[in-house]
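Below is the file start.txt, which contains compact mmCIF, C-alpha atoms and all ligand atoms.
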```
# COMPACT_ATOMS: atom_id res chain seq x y z
CA MET A 1 13.10 -3.13 11.05
CA GLU A 2 14.09 -6.36 9.40
CA VAL A 3 15.58 -5.92 5.93
CA LYS A 4 15.47 -8.67 3.30
CA ILE A 5 17.14 -8.43 -0.10
CA LEU A 6 15.65 -10.94 -2.55
CA PRO A 7 14.89 -11.37 -6.26
CA ILE A 8 11.55 -9.71 -7.06
CA GLN A 9 9.50 -12.87 -7.54
CA GLU A 10 10.71 -14.27 -4.22
CA ILE A 11 9.58 -11.08 -2.52
CA TYR A 12 6.09 -11.45 -3.97
CA ASN A 13 5.88 -15.15 -3.12
CA GLU A 14 7.08 -14.62 0.45
CA ILE A 15 4.57 -11.85 1.12
CA ALA A 16 1.71 -13.81 -0.45
CA ASN A 17 2.68 -16.81 1.74
CA LYS A 18 2.58 -14.63 4.84
CA ILE A 19 -0.95 -13.54 3.91
CA VAL A 20 -1.99 -17.15 3.17
CA LYS A 21 -0.74 -18.20 6.63
CA LEU A 22 -2.39 -15.27 8.37
CA VAL A 23 -5.77 -15.95 6.73
CA ALA A 24 -5.50 -19.68 7.53
CA GLN A 25 -5.10 -18.74 11.22
CA LYS A 26 -7.58 -15.87 11.13
CA PRO A 27 -10.12 -16.23 8.28
CA ASN A 28 -11.58 -12.77 8.99
CA ALA A 29 -8.18 -11.04 8.91
CA ILE A 30 -8.06 -7.35 8.04
CA LEU A 31 -5.63 -6.54 5.23
CA GLY A 32 -4.27 -3.08 4.48
CA LEU A 33 -3.57 -2.84 0.76
CA ALA A 34 -1.39 -0.68 -1.44
CA THR A 35 -1.67 0.08 -5.15
CA GLY A 36 1.02 1.22 -7.59
CA GLY A 37 3.27 -0.76 -9.88
CA THR A 38 5.17 -2.58 -7.13
CA ALA A 39 2.19 -4.21 -5.43
CA VAL A 40 0.80 -5.91 -8.57
CA GLY A 41 3.16 -8.87 -8.08
CA VAL A 42 1.78 -9.51 -4.59
CA TYR A 43 -1.75 -9.65 -5.99
CA ASP A 44 -0.69 -11.96 -8.83
CA ALA A 45 0.86 -14.31 -6.26
CA LEU A 46 -2.31 -14.15 -4.12
CA VAL A 47 -4.53 -14.94 -7.13
CA LYS A 48 -2.30 -17.94 -7.85
CA ALA A 49 -2.59 -19.08 -4.21
CA TYR A 50 -6.39 -18.71 -4.48
CA ASN A 51 -6.50 -20.72 -7.72
CA ASP A 52 -4.37 -23.38 -6.01
CA LYS A 53 -7.00 -23.45 -3.22
CA LYS A 54 -4.52 -22.28 -0.57
CA ILE A 55 -6.59 -19.28 0.55
CA THR A 56 -10.17 -18.06 0.66
CA PHE A 57 -11.02 -14.37 1.01
CA LYS A 58 -14.64 -15.13 1.97
CA ASP A 59 -14.40 -13.44 5.36
CA VAL A 60 -11.39 -11.17 4.74
CA LYS A 61 -11.83 -7.41 5.00
CA THR A 62 -9.58 -4.93 3.22
CA PHE A 63 -8.78 -1.25 3.64
CA ASN A 64 -6.83 0.45 0.88
CA LEU A 65 -4.32 3.11 1.75
CA ASP A 66 -5.37 5.81 -0.67
CA GLU A 67 -7.35 6.95 -3.68
CA TYR A 68 -7.05 9.85 -6.08
CA TYR A 69 -9.51 12.72 -5.69
CA PRO A 70 -11.57 13.47 -7.62
CA ILE A 71 -11.89 10.25 -9.62
CA GLU A 72 -14.74 7.89 -10.54
CA ASP A 73 -14.49 4.23 -9.43
CA SER A 74 -15.05 3.28 -13.08
CA ASN A 75 -11.97 5.24 -14.22
CA PRO A 76 -9.26 2.67 -15.08
CA GLN A 77 -6.74 4.88 -13.21
CA SER A 78 -8.72 4.77 -9.95
CA TYR A 79 -7.35 2.55 -7.23
CA ARG A 80 -10.77 0.91 -6.85
CA TYR A 81 -10.52 -0.16 -10.50
CA TYR A 82 -6.92 -1.34 -9.98
CA MET A 83 -7.88 -3.49 -7.00
CA ASN A 84 -10.92 -4.97 -8.74
CA HIS A 85 -8.84 -5.75 -11.81
CA ASN A 86 -5.75 -7.12 -10.04
CA LEU A 87 -7.33 -8.96 -7.10
CA PHE A 88 -10.95 -8.55 -6.06
CA ASP A 89 -12.56 -9.75 -9.31
CA LYS A 90 -10.27 -12.78 -9.37
CA VAL A 91 -10.92 -14.15 -5.86
CA ASP A 92 -13.94 -14.85 -3.64
CA ILE A 93 -13.85 -11.63 -1.63
CA ASP A 94 -17.16 -9.91 -0.80
CA LYS A 95 -16.76 -6.41 -2.28
CA ASN A 96 -18.84 -5.04 0.62
CA ASN A 97 -15.80 -5.91 2.75
CA THR A 98 -13.40 -3.83 0.62
CA HIS A 99 -12.89 -0.22 1.61
CA PHE A 100 -11.24 2.86 0.12
CA PRO A 101 -10.86 6.30 1.62
CA SER A 102 -13.03 8.90 -0.09
CA ILE A 103 -14.12 12.50 0.27
CA ASP A 104 -17.30 11.17 1.91
CA ASN A 105 -15.79 8.81 4.46
CA TYR A 106 -12.26 10.05 5.18
CA GLN A 107 -13.12 11.66 8.50
CA LYS A 108 -14.45 8.30 9.69
CA TYR A 109 -11.99 6.00 7.91
CA ASP A 110 -9.70 5.45 10.90
CA GLU A 111 -12.72 4.78 13.11
CA LEU A 112 -14.07 2.30 10.51
CA ILE A 113 -10.73 0.47 10.60
CA ALA A 114 -10.69 0.46 14.41
CA ILE A 115 -14.28 -0.83 14.61
CA ALA A 116 -13.35 -3.65 12.20
CA GLY A 117 -10.59 -4.63 14.67
CA GLY A 118 -7.55 -2.85 13.21
CA ILE A 119 -5.35 -3.81 10.27
CA ASP A 120 -3.54 -7.11 10.87
CA PHE A 121 -1.22 -6.96 7.86
CA GLN A 122 -0.28 -3.86 5.89
CA VAL A 123 1.33 -3.90 2.44
CA LEU A 124 3.26 -0.71 1.65
CA GLY A 125 5.24 0.65 -1.26
CA ILE A 126 7.48 3.69 -1.06
CA GLY A 127 7.68 6.72 -3.34
CA SER A 128 10.96 7.86 -4.84
CA ASN A 129 10.55 10.88 -2.50
CA GLY A 130 10.13 8.62 0.55
CA HIS A 131 6.34 8.89 0.77
CA ILE A 132 4.24 6.02 2.12
CA ALA A 133 0.65 5.92 0.92
CA PHE A 134 0.23 9.52 -0.30
CA ASN A 135 1.88 11.00 2.79
CA GLU A 136 4.25 13.37 1.06
CA PRO A 137 7.40 14.84 2.66
CA GLY A 138 6.41 17.20 5.48
CA THR A 139 3.25 15.29 6.46
CA PRO A 140 2.91 15.40 10.27
CA PHE A 141 3.62 12.12 12.03
CA ASP A 142 0.30 12.39 13.91
CA SER A 143 -1.80 12.54 10.70
CA LEU A 144 -4.90 10.40 10.29
CA THR A 145 -6.74 9.87 6.99
CA HIS A 146 -6.78 13.20 5.19
CA VAL A 147 -6.98 15.05 1.87
CA VAL A 148 -3.56 15.40 0.25
CA LYS A 149 -2.08 17.69 -2.37
CA LEU A 150 0.24 15.43 -4.35
CA ALA A 151 3.91 16.38 -4.55
CA GLU A 152 5.26 17.36 -7.97
CA SER A 153 7.62 14.36 -7.86
CA THR A 154 4.67 11.98 -7.25
CA ILE A 155 2.71 13.47 -10.14
CA GLN A 156 5.76 12.97 -12.35
CA ASP A 157 6.31 9.38 -11.10
CA ASN A 158 2.65 8.47 -11.68
CA ALA A 159 2.35 10.08 -15.12
CA ARG A 160 3.52 6.71 -16.51
CA PHE A 161 0.07 5.34 -15.63
CA PHE A 162 -1.58 8.25 -17.51
CA ASN A 163 0.08 7.79 -20.92
CA GLY A 164 3.01 9.86 -19.66
CA ASP A 165 0.81 12.97 -19.59
CA ILE A 166 1.40 14.91 -16.36
CA SER A 167 -1.68 17.06 -16.99
CA LEU A 168 -3.93 13.99 -16.66
CA VAL A 169 -2.66 13.00 -13.18
CA PRO A 170 -5.04 14.15 -10.41
CA THR A 171 -3.37 16.68 -8.13
CA GLN A 172 -5.15 15.54 -4.98
CA ALA A 173 -5.83 12.29 -3.18
CA ILE A 174 -7.29 10.95 0.04
CA SER A 175 -4.74 9.02 2.06
CA MET A 176 -4.47 7.18 5.32
CA GLY A 177 -2.15 9.21 7.52
CA LEU A 178 1.17 8.28 9.05
CA LYS A 179 -0.44 7.68 12.44
CA SER A 180 -3.09 5.49 10.75
CA ILE A 181 -0.28 3.36 9.29
CA MET A 182 1.51 3.14 12.64
CA PHE A 183 -1.64 1.56 14.17
CA THR A 184 -1.34 -1.46 11.84
CA LYS A 185 -0.08 -4.61 13.54
CA GLN A 186 2.39 -5.89 10.95
CA ILE A 187 3.88 -4.06 7.96
CA VAL A 188 5.75 -5.19 4.87
CA LEU A 189 7.28 -2.44 2.73
CA ILE A 190 8.40 -3.39 -0.77
CA ALA A 191 10.85 -1.38 -2.86
CA THR A 192 12.09 -2.51 -6.24
CA GLY A 193 14.13 -0.77 -8.90
CA LYS A 194 16.95 1.75 -8.93
CA ASN A 195 14.61 4.75 -8.65
CA LYS A 196 13.85 3.69 -5.06
CA ALA A 197 17.50 3.20 -4.03
CA LYS A 198 18.02 6.76 -2.73
CA ALA A 199 14.86 6.76 -0.60
CA ILE A 200 15.85 3.35 0.81
CA LYS A 201 19.37 4.54 1.65
CA GLN A 202 17.86 7.56 3.44
CA LEU A 203 15.43 5.29 5.28
CA MET A 204 18.32 3.19 6.58
CA ASP A 205 20.45 6.20 7.54
CA GLN A 206 18.00 8.68 9.03
CA GLU A 207 16.27 8.96 12.36
CA PRO A 208 12.49 9.38 12.06
CA ASN A 209 11.76 12.82 10.58
CA PRO A 210 8.78 14.21 8.62
CA ALA A 211 10.98 15.16 5.63
CA LEU A 212 11.20 11.41 4.93
CA PRO A 213 7.71 10.05 5.71
CA ALA A 214 8.78 6.37 5.53
CA SER A 215 11.24 7.02 8.38
CA ILE A 216 8.33 6.85 10.85
CA LEU A 217 8.41 3.07 10.29
CA ARG A 218 11.67 2.90 12.25
CA SER A 219 9.51 3.36 15.36
CA HIS A 220 7.09 0.53 14.47
CA ALA A 221 7.58 -2.80 16.26
CA ASN A 222 6.89 -5.17 13.34
CA VAL A 223 8.18 -4.02 9.94
CA THR A 224 9.95 -6.00 7.24
CA ILE A 225 11.52 -4.09 4.35
CA TYR A 226 11.75 -6.17 1.17
CA LEU A 227 14.27 -4.92 -1.38
CA ASP A 228 15.31 -6.22 -4.73
CA PRO A 229 19.04 -5.84 -5.52
CA ASP A 230 18.43 -2.58 -7.46
CA ALA A 231 16.55 -0.90 -4.60
CA ALA A 232 19.31 -2.07 -2.22
CA SER A 233 22.11 -0.91 -4.53
CA LEU A 234 23.13 2.14 -2.45
CA LEU A 235 23.36 0.19 0.83
CA CYS A 236 26.86 -0.91 1.82
P1 LIG A 301 5.00 2.33 -7.27
O1 LIG A 301 4.44 3.31 -6.16
O2 LIG A 301 4.84 0.94 -6.74
O3 LIG A 301 4.11 2.58 -8.46
O4 LIG A 301 6.42 2.68 -7.52
C1 LIG A 301 4.81 3.13 -4.83
C2 LIG A 301 4.39 4.32 -4.02
O5 LIG A 301 4.33 5.45 -4.55
O6 LIG A 301 4.12 4.13 -2.82
```
If you convert what's in this file into structure tokens, what do you get?
Amino acid sequence: MEVKILPIQEIYNEIANKIVKLVAQKPNAILGLATGGTAVGVYDALVKAYNDKKITFKDVKTFNLDEYYPIEDSNPQSYRYYMNHNLFDKVDIDKNNTHFPSIDNYQKYDELIAIAGGIDFQVLGIGSNGHIAFNEPGTPFDSLTHVVKLAESTIQDNARFFNGDISLVPTQAISMGLKSIMFTKQIVLIATGKNKAKAIKQLMDQEPNPALPASILRSHANVTIYLDPDAASLLC
């Protein structure tokens, strides 16, 4: 795992540049996308690159990591809505090439990704409890896309997107599994803010173990961890 500590905007610009380069080399690249507060900056930087004519998404395919369940696509809290609003509606991507796991497709989601050629570049965030996608602590390392019961800490963390009302946060989701994520060819994990510092310290200190889902990434051959100074604040 390579670790880079940078100001937030530099993190977003560097990751967007990596995607611009990848798509220049491989116009039909497969991107694995994350939602949440952290990833918005990556999409803003990609929209800017698109407006500057540095990238076209014409032949790009995307697979998102997760989606709440149950939720309608039209619900502003759904991850489909988030992606449309933050990226897809602002660039030239064909929405038929954008995929989300759902109750209808989750048993075939990993196969869909494999048939498309596998994810070339995966964007990941990390939960304050060390989750990646919605793989909560205790998720088996050999998990594929599955239905998840959200951890209490995740529901609390995400209540900020639901007017702070915990009772409005869905309690379930569909998520790519830890094994699904390990199949991706290149991974960038972004952590910003002090509330991620403990999970990042654990990630640096611990051998892979299911109590800290992100620790599986230590066994992946091509991972870069991007930290802002706050998320890196507990590292010596
Ligand atoms: P956040 O979520 O970017 O909203 O903090 C990250 C995550 O839970 O993976």
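Listed by chain and then residue number, the contacts of ligand LIG 301 (chain A) are Gly36, Gly37, Thr38, Ala39, Gly125, Ile126, Gly127, Ile132 and Ala133 of chain A (distance at most 6 Å, using all atoms listed in the file).
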Task: Using only C-alpha atoms: which of A:Glu72, A:Asp59, A:Asp228, A:Asp66 has the shortest distance to Val3 (chain A) - done: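 Of all the options, A:Asp228 lies closest to Val3 (chain A).
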Open item on the list: With 9 Å as the threshold, what does the neighbourhood of (-1.1, 12.5, -10.4) contain in terms of residues, counting only C-alpha atoms? Coordinates are those of the file; answer as a PyMOL selection string.
Closed with: chain A and resi 68+150-152+154-159+161-162+166-173
Dump C-alpha atoms for the selected residues as a PDB file, in the frame of the given file?
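Full text of part_0.pdb as output:
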```
ATOM      1  CA  TYR A  68      -7.050   9.850  -6.080  1.00  0.00           C
ATOM      2  CA  LEU A 150       0.240  15.430  -4.350  1.00  0.00           C
ATOM      3  CA  ALA A 151       3.910  16.380  -4.550  1.00  0.00           C
ATOM      4  CA  GLU A 152       5.260  17.360  -7.970  1.00  0.00           C
ATOM      5  CA  THR A 154       4.670  11.980  -7.250  1.00  0.00           C
ATOM      6  CA  ILE A 155       2.710  13.470 -10.140  1.00  0.00           C
ATOM      7  CA  GLN A 156       5.760  12.970 -12.350  1.00  0.00           C
ATOM      8  CA  ASP A 157       6.310   9.380 -11.100  1.00  0.00           C
ATOM      9  CA  ASN A 158       2.650   8.470 -11.680  1.00  0.00           C
ATOM     10  CA  ALA A 159       2.350  10.080 -15.120  1.00  0.00           C
ATOM     11  CA  PHE A 161       0.070   5.340 -15.630  1.00  0.00           C
ATOM     12  CA  PHE A 162      -1.580   8.250 -17.510  1.00  0.00           C
ATOM     13  CA  ILE A 166       1.400  14.910 -16.360  1.00  0.00           C
ATOM     14  CA  SER A 167      -1.680  17.060 -16.990  1.00  0.00           C
ATOM     15  CA  LEU A 168      -3.930  13.990 -16.660  1.00  0.00           C
ATOM     16  CA  VAL A 169      -2.660  13.000 -13.180  1.00  0.00           C
ATOM     17  CA  PRO A 170      -5.040  14.150 -10.410  1.00  0.00           C
ATOM     18  CA  THR A 171      -3.370  16.680  -8.130  1.00  0.00           C
ATOM     19  CA  GLN A 172      -5.150  15.540  -4.980  1.00  0.00           C
ATOM     20  CA  ALA A 173      -5.830  12.290  -3.180  1.00  0.00           C
TER      21      ALA A 173
END
```
TODO: Grab the CA of Glu111 (chain A) to CA of Gln77 (chain A) distance for me, in Å with one decimal place.
DONE: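 According to the coordinates, CA of Glu111 (chain A) and CA of Gln77 (chain A) are separated by 27.0 Å.
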Around (-7.5, -4.5, 5.7), as given in the file, which residues come within 6 Å? Count all atoms listed in the file and list them as a PDB file with C-alpha atoms, in the frame of the given file.
```
ATOM      1  CA  ILE A  30      -8.060  -7.350   8.040  1.00  0.00           C
ATOM      2  CA  LEU A  31      -5.630  -6.540   5.230  1.00  0.00           C
ATOM      3  CA  GLY A  32      -4.270  -3.080   4.480  1.00  0.00           C
ATOM      4  CA  LYS A  61     -11.830  -7.410   5.000  1.00  0.00           C
ATOM      5  CA  THR A  62      -9.580  -4.930   3.220  1.00  0.00           C
ATOM      6  CA  PHE A  63      -8.780  -1.250   3.640  1.00  0.00           C
ATOM      7  CA  ILE A 119      -5.350  -3.810  10.270  1.00  0.00           C
TER       8      ILE A 119
END
```
Excluding same-chain residues fewer than 4 positions from Ile11 (chain A), what lies within 9 Å of it counting only C-alpha atoms, as a PDB file with C-alpha atoms, in the coordinates of the input?
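Generated output (around.pdb):
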```pdb
ATOM      1  CA  LYS A   4      15.470  -8.670   3.300  1.00  0.00           C
ATOM      2  CA  ILE A   5      17.140  -8.430  -0.100  1.00  0.00           C
ATOM      3  CA  LEU A   6      15.650 -10.940  -2.550  1.00  0.00           C
ATOM      4  CA  PRO A   7      14.890 -11.370  -6.260  1.00  0.00           C
ATOM      5  CA  ILE A  15       4.570 -11.850   1.120  1.00  0.00           C
ATOM      6  CA  ALA A  16       1.710 -13.810  -0.450  1.00  0.00           C
ATOM      7  CA  GLY A  41       3.160  -8.870  -8.080  1.00  0.00           C
ATOM      8  CA  VAL A  42       1.780  -9.510  -4.590  1.00  0.00           C
ATOM      9  CA  ILE A 190       8.400  -3.390  -0.770  1.00  0.00           C
ATOM     10  CA  TYR A 226      11.750  -6.170   1.170  1.00  0.00           C
ATOM     11  CA  LEU A 227      14.270  -4.920  -1.380  1.00  0.00           C
ATOM     12  CA  ASP A 228      15.310  -6.220  -4.730  1.00  0.00           C
TER      13      ASP A 228
END
```
Task: Option closest in space to Ser180 (chain A), from A:Ser128, A:Asn64, A:Thr98, A:Asn84 [counting only C-alpha atoms] - done: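 Checking each of A:Ser128, A:Asn64, A:Thr98, A:Asn84 against Ser180 (chain A), counting only C-alpha atoms, the winner is A:Asn64.
One finds CA of Ala116 (chain A) at 13.4 Å from CA of Lys185 (chain A).
Nearest-residue note for Met83 (chain A): choosing from A:Val40, A:Ala114, A:Ala45, A:Val60, the minimum distance belongs to A:Val40, counting all atoms listed in the file.
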Open item on the list: Give me, as a PyMOL selection string, all polymer residues having an atom no more than 9 Å from Gln206 (chain A), counting only C-alpha atoms and skipping those fewer than 5 positions away in the same chain.
Closed with: chain A and resi 201+212+215
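Minimum atom-to-atom distances from A:Lys18, A:Lys26, A:Lys149, A:Arg218 to Pro70 (chain A) were compared using only C-alpha atoms, and the lowest value belongs to A:Lys149.
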Task: Distance of CA of Pro210 (chain A) from CA of Gly138 (chain A), expressed in Å to one decimal place - done: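 Computing the Euclidean distance for CA of Gly138 (chain A) and CA of Pro210 (chain A) yields 4.9 Å.
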TODO: Measuring atom to atom with only C-alpha atoms, identify which of A:Lys179, A:His146, A:Lys90, A:His220 is nearest to Glu2 (chain A).
DONE: A:His220
Task: Distance criterion (only C-alpha atoms): nearest to Asp94 (chain A) out of A:Asn28, A:Lys48, A:Val188, A:Tyr82 - done: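 Answer, going by the shortest atom-to-atom distance: A:Asn28.
Excluding Asn209 (chain A) itself and any same-chain residue fewer than 4 positions from it, the protein and nucleic acid residues within 12 Å of it, counting all atoms listed in the file, are Gly130, His131, Pro137, Gly138, Thr139, Pro140, Phe141, Asp142, Leu178, Gln202, Leu203, Asp205, Pro213, Ala214, Ser215, Ile216, Leu217, Arg218 and Ser219 of chain A.
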